[in-house]
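S.K.: Data: protein_23.txt, compact mmCIF, C-alpha atoms and all ligand atoms.
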```txt
# COMPACT_ATOMS: atom_id res chain seq x y z
CA MET F 1 0.00 0.00 0.00
CA ALA F 2 1.26 3.46 -0.86
CA VAL F 3 2.01 5.80 1.99
CA VAL F 4 -0.33 8.75 1.84
CA ASP F 5 0.73 12.04 3.35
CA GLU F 6 -1.30 15.07 4.26
CA ILE F 7 -1.08 18.85 4.28
CA ARG F 8 -3.70 21.47 5.17
CA CYS F 9 -5.24 23.37 2.29
CA PRO F 10 -3.95 26.97 2.63
CA ASN F 11 -7.28 28.23 1.31
CA CYS F 12 -9.99 26.29 3.20
CA GLY F 13 -8.06 24.32 5.83
CA ALA F 14 -9.29 20.94 4.64
CA PRO F 15 -6.79 18.08 4.61
CA ILE F 16 -5.20 17.42 1.24
CA SER F 17 -3.79 13.94 0.94
CA PHE F 18 -1.15 13.12 -1.60
CA ASN F 19 0.98 10.18 -2.64
CA PRO F 20 4.78 9.97 -2.69
CA GLY F 21 6.13 11.69 -5.77
CA GLU F 22 3.29 14.15 -6.13
CA ILE F 23 4.44 17.76 -6.18
CA VAL F 24 1.38 19.80 -7.04
CA ALA F 25 -1.89 18.95 -5.25
CA THR F 26 -5.43 20.23 -5.70
CA CYS F 27 -7.87 20.45 -2.78
CA ARG F 28 -10.97 18.39 -3.46
CA TYR F 29 -13.13 20.65 -1.27
CA CYS F 30 -12.30 24.03 -2.79
CA GLY F 31 -10.18 23.39 -5.89
CA PHE F 32 -7.21 25.37 -4.57
CA THR F 33 -3.89 24.14 -5.91
CA SER F 34 -0.69 24.16 -3.84
CA VAL F 35 2.89 23.16 -4.30
CA ILE F 36 3.42 20.43 -1.72
CA GLU F 37 7.02 21.07 -0.73
CA THR F 38 6.49 24.73 0.02
CA GLY F 39 2.74 24.70 0.75
CA LYS F 40 2.61 27.91 -1.26
CA ALA F 41 0.06 28.98 -3.82
CA PHE F 42 0.57 27.95 -7.32
CA THR F 43 1.25 30.64 -9.89
CA PHE F 44 0.30 28.89 -13.12
CA GLU F 45 -3.08 28.97 -14.80
CA HIS F 46 -5.02 25.87 -13.76
CA SER F 47 -7.55 24.71 -16.33
CA MET F 48 -9.71 21.73 -17.00
CA ILE F 49 -11.59 20.09 -19.80
CA LEU F 50 -15.09 18.82 -19.07
CA ASN F 51 -16.12 15.22 -19.33
CA LYS F 52 -19.28 14.79 -21.40
CA TYR F 53 -20.20 11.16 -20.74
CA ASP F 54 -21.52 9.02 -17.92
CA PRO F 55 -20.52 5.38 -17.34
CA THR F 56 -23.47 4.07 -19.39
CA GLN F 57 -22.66 6.31 -22.33
CA VAL F 58 -18.96 5.40 -22.40
CA GLU F 59 -19.91 1.75 -22.51
CA GLU F 60 -22.03 2.50 -25.59
CA LEU F 61 -19.15 4.46 -27.15
CA LEU F 62 -16.85 1.51 -26.56
CA ARG F 63 -19.33 -0.94 -28.13
CA ASN F 64 -19.64 1.35 -31.17
CA TRP F 65 -15.86 1.43 -31.48
CA MET F 66 -15.83 -2.38 -31.31
CA ARG F 67 -18.31 -2.57 -34.18
CA GLY F 68 -16.18 -0.46 -36.55
CA GLY F 69 -12.90 -1.20 -38.29
CA PHE F 70 -11.96 -4.22 -40.33
CA LEU F 71 -9.18 -5.38 -38.02
CA LYS F 72 -11.57 -6.33 -35.25
CA PRO F 73 -13.25 -9.72 -34.76
CA SER F 74 -16.84 -9.48 -36.06
CA ASP F 75 -18.35 -10.61 -32.75
CA LEU F 76 -16.24 -8.24 -30.63
CA ALA F 77 -19.06 -5.92 -29.54
CA LYS F 78 -21.42 -8.81 -28.87
CA SER F 79 -19.02 -11.15 -27.07
CA SER F 80 -17.03 -8.72 -24.94
CA LYS F 81 -17.64 -8.02 -21.31
CA ILE F 82 -16.74 -4.57 -19.98
CA LEU F 83 -14.63 -5.06 -16.87
CA GLU F 84 -13.69 -1.54 -15.86
CA LYS F 85 -14.58 2.06 -16.59
CA ASN F 86 -12.76 4.59 -14.49
CA LEU F 87 -12.83 8.31 -15.11
CA VAL F 88 -9.56 10.00 -14.24
CA TYR F 89 -8.76 13.68 -14.58
CA LEU F 90 -5.21 13.29 -15.77
CA PRO F 91 -2.79 16.19 -15.17
CA PHE F 92 -0.86 17.71 -18.05
CA TRP F 93 1.29 20.74 -18.63
CA ILE F 94 0.73 22.66 -21.80
CA VAL F 95 3.78 24.57 -22.93
CA PRO F 96 3.16 27.09 -25.72
CA VAL F 97 6.30 27.44 -27.83
CA THR F 98 7.58 28.96 -31.03
CA VAL F 99 10.51 27.03 -32.43
CA ILE F 100 12.94 27.88 -35.19
CA SER F 101 15.40 25.12 -36.01
CA GLU F 102 18.23 25.61 -38.46
CA TYR F 103 20.18 22.63 -39.61
CA LYS F 104 22.93 21.60 -41.95
CA GLY F 105 23.17 18.03 -43.13
CA VAL F 106 24.28 15.64 -45.81
CA PHE F 107 21.94 14.27 -48.38
CA GLU F 108 23.59 10.92 -49.15
CA ARG F 109 21.18 9.57 -51.68
CA LEU F 110 22.98 11.50 -54.41
CA ILE F 111 26.42 10.66 -55.74
CA PRO F 112 28.41 12.61 -54.81
CA PRO F 113 26.51 13.45 -51.58
CA VAL F 114 25.47 17.08 -51.19
CA VAL F 115 25.40 19.31 -48.15
CA LYS F 116 22.01 20.90 -47.57
CA GLU F 117 20.76 23.55 -45.20
CA GLY F 118 17.24 23.95 -43.96
CA LYS F 119 14.97 25.69 -41.52
CA ILE F 120 11.93 24.44 -39.62
CA GLU F 121 9.57 26.96 -38.04
CA LYS F 122 6.75 25.69 -35.85
CA LYS F 123 4.34 26.73 -33.14
CA TYR F 124 3.09 24.18 -30.64
CA ASP F 125 1.00 23.81 -27.56
CA TRP F 126 3.34 21.07 -26.40
CA LEU F 127 1.74 18.56 -24.09
CA VAL F 128 3.66 17.06 -21.18
CA LEU F 129 2.03 14.33 -19.10
CA ALA F 130 2.45 15.20 -15.42
CA ARG F 131 2.50 11.59 -14.21
CA LYS F 132 5.44 9.26 -14.50
CA ALA F 133 3.95 5.79 -14.21
CA VAL F 134 0.75 6.20 -16.23
CA GLU F 135 0.71 4.48 -19.60
CA PHE F 136 -0.75 7.14 -21.78
CA PRO F 137 -0.10 7.89 -25.46
CA THR F 138 0.56 11.61 -25.02
CA ARG F 139 1.77 12.14 -28.61
CA GLU F 140 -1.35 10.55 -30.06
CA TYR F 141 -3.69 12.49 -27.81
CA ASP F 142 -5.10 15.50 -29.55
CA VAL F 143 -6.06 17.50 -26.48
CA PRO F 144 -9.30 19.42 -27.21
CA LEU F 145 -8.01 22.77 -25.92
CA GLU F 146 -10.92 24.77 -27.32
CA GLY F 147 -13.04 23.32 -24.48
CA LYS F 148 -10.64 24.48 -21.77
CA ILE F 149 -12.20 26.33 -18.77
CA PRO F 150 -10.76 27.50 -15.42
CA TYR F 151 -10.47 24.54 -13.04
CA ASP F 152 -13.69 24.08 -11.09
CA PHE F 153 -13.82 21.32 -8.47
CA ARG F 154 -17.64 21.39 -8.57
CA LYS F 155 -17.52 20.05 -12.12
CA ILE F 156 -15.69 16.89 -11.02
CA GLU F 157 -18.02 13.89 -10.81
CA GLY F 158 -18.17 12.12 -7.45
CA PHE F 159 -17.01 8.85 -8.99
CA ALA F 160 -14.03 10.40 -10.79
CA LYS F 161 -10.44 10.47 -9.59
CA VAL F 162 -8.24 13.56 -9.88
CA PHE F 163 -4.54 12.80 -10.18
CA ASN F 164 -1.99 15.27 -8.88
CA SER F 165 1.08 16.39 -10.76
CA GLU F 166 4.41 14.68 -10.19
CA ILE F 167 6.36 17.39 -11.97
CA GLU F 168 6.27 21.12 -11.52
CA GLY F 169 6.08 23.85 -14.13
CA ARG F 170 9.78 24.45 -14.70
CA GLN F 171 10.49 20.74 -15.10
CA ALA F 172 7.63 20.47 -17.58
CA VAL F 173 9.12 23.28 -19.67
CA GLU F 174 12.51 21.53 -19.61
CA LEU F 175 10.93 18.23 -20.70
CA ALA F 176 9.03 20.01 -23.47
CA ARG F 177 12.30 21.53 -24.75
CA GLN F 178 14.00 18.14 -24.86
CA GLU F 179 11.06 16.50 -26.61
CA ILE F 180 10.77 19.31 -29.14
CA GLU F 181 14.48 19.15 -29.97
CA ALA F 182 14.21 15.41 -30.52
CA HIS F 183 11.10 15.92 -32.65
CA HIS F 184 12.86 18.52 -34.81
CA GLN F 185 15.85 16.21 -35.24
CA PHE F 186 13.35 13.68 -36.52
CA LEU F 187 11.81 16.26 -38.90
CA ALA F 188 15.23 17.34 -40.20
CA LYS F 189 16.06 13.71 -40.92
CA GLN F 190 13.17 13.59 -43.36
CA ASP F 191 15.17 16.07 -45.42
CA VAL F 192 18.80 15.05 -44.92
CA ASP F 193 20.31 11.68 -44.13
CA LYS F 194 22.87 12.89 -41.65
CA ILE F 195 22.72 16.03 -39.53
CA ILE F 196 26.05 17.88 -39.24
CA GLU F 197 24.79 20.68 -37.06
CA MET F 198 21.50 21.86 -35.79
CA ARG F 199 20.37 24.57 -33.45
CA SER F 200 16.88 25.22 -32.20
CA ASP F 201 15.73 28.53 -30.87
CA ILE F 202 12.76 27.83 -28.60
CA SER F 203 10.74 30.67 -27.13
CA VAL F 204 8.41 29.58 -24.40
CA GLY F 205 5.17 31.26 -23.34
CA ASP F 206 3.29 30.76 -20.06
CA ALA F 207 2.78 27.11 -19.23
CA ILE F 208 -0.72 25.99 -18.23
CA TYR F 209 -1.62 23.22 -15.80
CA LEU F 210 -4.53 21.21 -17.14
CA HIS F 211 -6.72 18.35 -15.95
CA ALA F 212 -8.26 16.40 -18.83
CA PRO F 213 -10.97 13.72 -18.50
CA ILE F 214 -9.70 10.32 -19.56
CA TRP F 215 -11.60 7.06 -19.19
CA PHE F 216 -9.41 4.06 -18.44
CA MET F 217 -11.43 1.04 -19.43
CA ALA F 218 -10.90 -2.68 -19.78
CA TYR F 219 -12.85 -5.43 -21.47
CA GLU F 220 -12.67 -9.19 -21.68
CA TYR F 221 -12.92 -11.13 -24.92
CA LYS F 222 -12.49 -14.90 -25.04
CA GLY F 223 -10.84 -14.99 -21.64
CA GLU F 224 -8.28 -12.24 -22.35
CA ARG F 225 -8.19 -8.74 -20.95
CA TYR F 226 -7.74 -5.65 -23.17
CA ASN F 227 -7.27 -2.00 -22.27
CA ILE F 228 -8.98 1.06 -23.68
CA ILE F 229 -8.21 4.75 -23.24
CA LEU F 230 -11.14 6.97 -24.14
CA ASP F 231 -11.21 10.76 -24.30
CA GLY F 232 -14.07 11.96 -22.08
CA ALA F 233 -14.33 15.28 -23.92
CA THR F 234 -14.77 13.92 -27.45
CA GLY F 235 -15.87 10.33 -26.81
CA THR F 236 -13.19 8.95 -29.10
CA VAL F 237 -10.96 5.99 -28.31
CA THR F 238 -7.43 7.40 -28.06
CA LYS F 239 -5.88 3.97 -27.74
CA GLY F 240 -7.56 0.59 -27.80
CA ASP F 241 -6.24 -2.93 -27.66
CA ILE F 242 -7.72 -5.22 -30.27
CA PRO F 243 -7.68 -9.01 -30.02
CA ALA F 244 -5.42 -10.47 -32.71
CA THR F 245 -7.52 -12.08 -35.40
CA LYS F 246 -6.05 -15.20 -36.86
CA PHE F 247 -6.05 -15.38 -40.58
CA GLY F 248 -5.14 -18.27 -42.79
CA LEU F 249 -5.09 -21.99 -42.50
CA PHE F 250 -6.41 -22.89 -39.11
ZN ZN W 1 -9.27 23.76 0.03
```
Would you mind writing the structure in this file as structure tokens?
Ligand SMILES: [Zn+2]
M.R.:
Amino acid sequence: MAVVDEIRCPNCGAPISFNPGEIVATCRYCGFTSVIETGKAFTFEHSMILNKYDPTQVEELLRNWMRGGFLKPSDLAKSSKILEKNLVYLPFWIVPVTVISEYKGVFERLIPPVVKEGKIEKKYDWLVLARKAVEFPTREYDVPLEGKIPYDFRKIEGFAKVFNSEIEGRQAVELARQEIEAHHQFLAKQDVDKIIEMRSDISVGDAIYLHAPIWFMAYEYKGERYNIILDGATGTVTKGDIPATKFGLF
């Protein structure tokens, strides 16, 4: 069992419990967010995205997903049993950035190879997952930021869990920088085979702390368990395990 610790909410005095590793905690009675180590107020914008579905509706969404797509067994929707449906408000940091990368590289597919220069200019709302041990496909998750509102604890369903952040704002910005540099290396390698030099100029805006509604679900099909991650704002399956269908001779 995890050791749970407690601080007093600086705003309403209620106890805020948190798990080891959590750095930023939100009071479930008043929605106030504190930094655990210092107990001080939190200076970033705290937003949330609303969940639009109840447990019955997400089950229907999952069955619909099971019915579509040619890679799925034809009896999947009919023969599966839903084992779990848990709504979690997952914490993210959103780091708005403008990036200009300039690179020089060798294009080796020509003989003789040529040296090429290029420039990549991009703007991102770069998403950093604020939990370390959660399996979540952050890069495939198209966070519906247009639905973002100020965090309101009254909008959190009684059955939902709210996870706290395990990284603070500055760390999130640092992680975003590293991920963006790696991503731009990848982009430059679409253009040249070998990078000789590359520099990225990253200007960072104000990071936002965001709780987004994610349904972690599981179903059983022919005795095996499969996991589903469903976006509670759009109702789409962000990641879903599909039983392997066997083709061929048997
Ligand atoms: Zn409070």
S.K.: So, counting all atoms listed in the file, which residue among F:Gly158, F:Pro91, F:Phe107, F:Phe153 is closest to ligand ZN 1 (chain W)?
M.R.: F:Phe153
S.K.: So the first atom is atom CA of Asn19 of chain F and the second is atom CA of Tyr151 of chain F; what is the distance between them in Å, to one decimal place?
M.R.: 21.1 Å
S.K.: Give me the residues near segment 130-138 of chain F as a VMD selection string, where near means some atom within 7 Å (using all atoms listed in the file) and where sequence neighbours in that chain fewer than 5 positions away do not count.
M.R.: chain F and resid 91 to 93 165 to 167
S.K.: Which chains and residue numbers are within 7 Å of ligand ZN 1 (chain W), counting all atoms listed in the file, if I want them as a ChimeraX atom specification?
M.R.: /F:9-14,27-32
S.K.: Taking all atoms listed in the file into account, which of F:Pro113, F:Gly105, F:Pro213, F:Pro73 comes nearest Phe163 of chain F?
M.R.: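 When distances to Phe163 of chain F are compared using all atoms listed in the file, the smallest one comes from F:Pro213.
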S.K.: Quick one: distance from atom CA of Asn86 of chain F to atom CA of Glu179 of chain F in Å, one decimal?
M.R.: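 According to the coordinates, atom CA of Asn86 of chain F and atom CA of Glu179 of chain F are separated by 29.3 Å.
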S.K.: Please determine, counting only C-alpha atoms, which residue among F:Val24, F:Leu230, F:Ala77, F:Leu50 has the shortest atom-to-atom distance to Arg63 of chain F.
M.R.: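 Closest residue, counting only C-alpha atoms: F:Ala77.
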S.K.: Residues near Glu224 of chain F, anyone? I mean within 10 Å using all atoms listed in the file, not counting same-chain ones fewer than 4 positions away, as a PyMOL selection string.
M.R.: chain F and resi 80+219-220+243
S.K.: Save the residues we just selected, C-alpha atoms, as an mmCIF file, in the coordinates of the input?
M.R.:
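Resulting contents of out_0.cif:
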```
data_model
loop_
_atom_site.group_PDB
_atom_site.id
_atom_site.type_symbol
_atom_site.label_atom_id
_atom_site.label_comp_id
_atom_site.auth_asym_id
_atom_site.auth_seq_id
_atom_site.Cartn_x
_atom_site.Cartn_y
_atom_site.Cartn_z
ATOM 1 C CA SER F 80 -17.030 -8.720 -24.940
ATOM 2 C CA TYR F 219 -12.850 -5.430 -21.470
ATOM 3 C CA GLU F 220 -12.670 -9.190 -21.680
ATOM 4 C CA PRO F 243 -7.680 -9.010 -30.020
#
```
S.K.: Could all heavy atoms be built for segment 20-31 of chain F and written out as a PDB file, keeping the file's coordinate frame?
M.R.:
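out01.pdb was written with the following content:
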```pdb
ATOM      1  N   PRO F  20       3.357   9.676  -2.470  1.00  0.00           N
ATOM      2  CA  PRO F  20       4.780   9.970  -2.690  1.00  0.00           C
ATOM      3  C   PRO F  20       5.015  10.326  -4.163  1.00  0.00           C
ATOM      4  O   PRO F  20       4.426   9.704  -5.044  1.00  0.00           O
ATOM      5  CB  PRO F  20       5.476   8.648  -2.357  1.00  0.00           C
ATOM      6  CG  PRO F  20       4.513   7.870  -1.543  1.00  0.00           C
ATOM      7  CD  PRO F  20       3.145   8.334  -1.905  1.00  0.00           C
ATOM      8  N   GLY F  21       5.819  11.306  -4.392  1.00  0.00           N
ATOM      9  CA  GLY F  21       6.130  11.690  -5.770  1.00  0.00           C
ATOM     10  C   GLY F  21       5.271  12.813  -6.293  1.00  0.00           C
ATOM     11  O   GLY F  21       5.612  13.451  -7.280  1.00  0.00           O
ATOM     12  N   GLU F  22       4.154  13.074  -5.645  1.00  0.00           N
ATOM     13  CA  GLU F  22       3.290  14.150  -6.130  1.00  0.00           C
ATOM     14  C   GLU F  22       3.810  15.487  -5.619  1.00  0.00           C
ATOM     15  O   GLU F  22       4.187  15.623  -4.461  1.00  0.00           O
ATOM     16  CB  GLU F  22       1.842  13.921  -5.680  1.00  0.00           C
ATOM     17  CG  GLU F  22       1.248  12.688  -6.330  1.00  0.00           C
ATOM     18  CD  GLU F  22      -0.198  12.402  -5.943  1.00  0.00           C
ATOM     19  OE1 GLU F  22      -0.685  12.967  -4.952  1.00  0.00           O
ATOM     20  OE2 GLU F  22      -0.830  11.604  -6.645  1.00  0.00           O
ATOM     21  N   ILE F  23       3.818  16.478  -6.506  1.00  0.00           N
ATOM     22  CA  ILE F  23       4.440  17.760  -6.180  1.00  0.00           C
ATOM     23  C   ILE F  23       3.408  18.883  -6.121  1.00  0.00           C
ATOM     24  O   ILE F  23       3.518  19.812  -5.345  1.00  0.00           O
ATOM     25  CB  ILE F  23       5.536  18.087  -7.235  1.00  0.00           C
ATOM     26  CG1 ILE F  23       6.705  17.116  -7.053  1.00  0.00           C
ATOM     27  CG2 ILE F  23       6.012  19.515  -7.107  1.00  0.00           C
ATOM     28  CD1 ILE F  23       7.827  17.339  -8.023  1.00  0.00           C
ATOM     29  N   VAL F  24       2.405  18.769  -6.964  1.00  0.00           N
ATOM     30  CA  VAL F  24       1.380  19.800  -7.040  1.00  0.00           C
ATOM     31  C   VAL F  24       0.057  19.114  -6.694  1.00  0.00           C
ATOM     32  O   VAL F  24      -0.298  18.119  -7.314  1.00  0.00           O
ATOM     33  CB  VAL F  24       1.318  20.383  -8.468  1.00  0.00           C
ATOM     34  CG1 VAL F  24       0.162  21.357  -8.602  1.00  0.00           C
ATOM     35  CG2 VAL F  24       2.636  21.070  -8.831  1.00  0.00           C
ATOM     36  N   ALA F  25      -0.657  19.614  -5.669  1.00  0.00           N
ATOM     37  CA  ALA F  25      -1.890  18.950  -5.250  1.00  0.00           C
ATOM     38  C   ALA F  25      -3.059  19.922  -5.250  1.00  0.00           C
ATOM     39  O   ALA F  25      -2.914  21.094  -4.912  1.00  0.00           O
ATOM     40  CB  ALA F  25      -1.725  18.351  -3.861  1.00  0.00           C
ATOM     41  N   THR F  26      -4.222  19.412  -5.642  1.00  0.00           N
ATOM     42  CA  THR F  26      -5.430  20.230  -5.700  1.00  0.00           C
ATOM     43  C   THR F  26      -6.400  19.782  -4.618  1.00  0.00           C
ATOM     44  O   THR F  26      -6.661  18.599  -4.466  1.00  0.00           O
ATOM     45  CB  THR F  26      -6.079  20.100  -7.087  1.00  0.00           C
ATOM     46  OG1 THR F  26      -5.133  20.548  -8.064  1.00  0.00           O
ATOM     47  CG2 THR F  26      -7.335  20.943  -7.209  1.00  0.00           C
ATOM     48  N   CYS F  27      -6.921  20.737  -3.864  1.00  0.00           N
ATOM     49  CA  CYS F  27      -7.870  20.450  -2.780  1.00  0.00           C
ATOM     50  C   CYS F  27      -9.197  19.993  -3.381  1.00  0.00           C
ATOM     51  O   CYS F  27      -9.755  20.656  -4.250  1.00  0.00           O
ATOM     52  CB  CYS F  27      -8.076  21.708  -1.951  1.00  0.00           C
ATOM     53  SG  CYS F  27      -9.344  21.543  -0.683  1.00  0.00           S
ATOM     54  N   ARG F  28      -9.711  18.862  -2.882  1.00  0.00           N
ATOM     55  CA  ARG F  28     -10.970  18.390  -3.460  1.00  0.00           C
ATOM     56  C   ARG F  28     -12.174  19.111  -2.892  1.00  0.00           C
ATOM     57  O   ARG F  28     -13.293  18.965  -3.373  1.00  0.00           O
ATOM     58  CB  ARG F  28     -11.113  16.880  -3.331  1.00  0.00           C
ATOM     59  CG  ARG F  28     -10.867  16.305  -1.949  1.00  0.00           C
ATOM     60  CD  ARG F  28     -10.830  14.791  -2.068  1.00  0.00           C
ATOM     61  NE  ARG F  28     -12.186  14.272  -2.064  1.00  0.00           N
ATOM     62  CZ  ARG F  28     -12.725  13.632  -1.035  1.00  0.00           C
ATOM     63  NH1 ARG F  28     -12.028  13.408   0.057  1.00  0.00           N
ATOM     64  NH2 ARG F  28     -13.968  13.189  -1.088  1.00  0.00           N
ATOM     65  N   TYR F  29     -11.997  19.912  -1.860  1.00  0.00           N
ATOM     66  CA  TYR F  29     -13.130  20.650  -1.270  1.00  0.00           C
ATOM     67  C   TYR F  29     -13.281  22.048  -1.845  1.00  0.00           C
ATOM     68  O   TYR F  29     -14.358  22.608  -1.860  1.00  0.00           O
ATOM     69  CB  TYR F  29     -12.972  20.722   0.245  1.00  0.00           C
ATOM     70  CG  TYR F  29     -12.898  19.347   0.865  1.00  0.00           C
ATOM     71  CD1 TYR F  29     -11.678  18.770   1.211  1.00  0.00           C
ATOM     72  CD2 TYR F  29     -14.066  18.597   1.046  1.00  0.00           C
ATOM     73  CE1 TYR F  29     -11.621  17.496   1.747  1.00  0.00           C
ATOM     74  CE2 TYR F  29     -14.013  17.317   1.579  1.00  0.00           C
ATOM     75  CZ  TYR F  29     -12.786  16.772   1.931  1.00  0.00           C
ATOM     76  OH  TYR F  29     -12.724  15.508   2.443  1.00  0.00           O
ATOM     77  N   CYS F  30     -12.168  22.657  -2.283  1.00  0.00           N
ATOM     78  CA  CYS F  30     -12.300  24.030  -2.790  1.00  0.00           C
ATOM     79  C   CYS F  30     -11.584  24.247  -4.127  1.00  0.00           C
ATOM     80  O   CYS F  30     -11.697  25.313  -4.722  1.00  0.00           O
ATOM     81  CB  CYS F  30     -11.802  25.043  -1.759  1.00  0.00           C
ATOM     82  SG  CYS F  30     -10.012  25.125  -1.628  1.00  0.00           S
ATOM     83  N   GLY F  31     -10.832  23.260  -4.591  1.00  0.00           N
ATOM     84  CA  GLY F  31     -10.180  23.390  -5.890  1.00  0.00           C
ATOM     85  C   GLY F  31      -8.883  24.176  -5.870  1.00  0.00           C
ATOM     86  O   GLY F  31      -8.262  24.383  -6.916  1.00  0.00           O
TER      87      GLY F  31
END
```
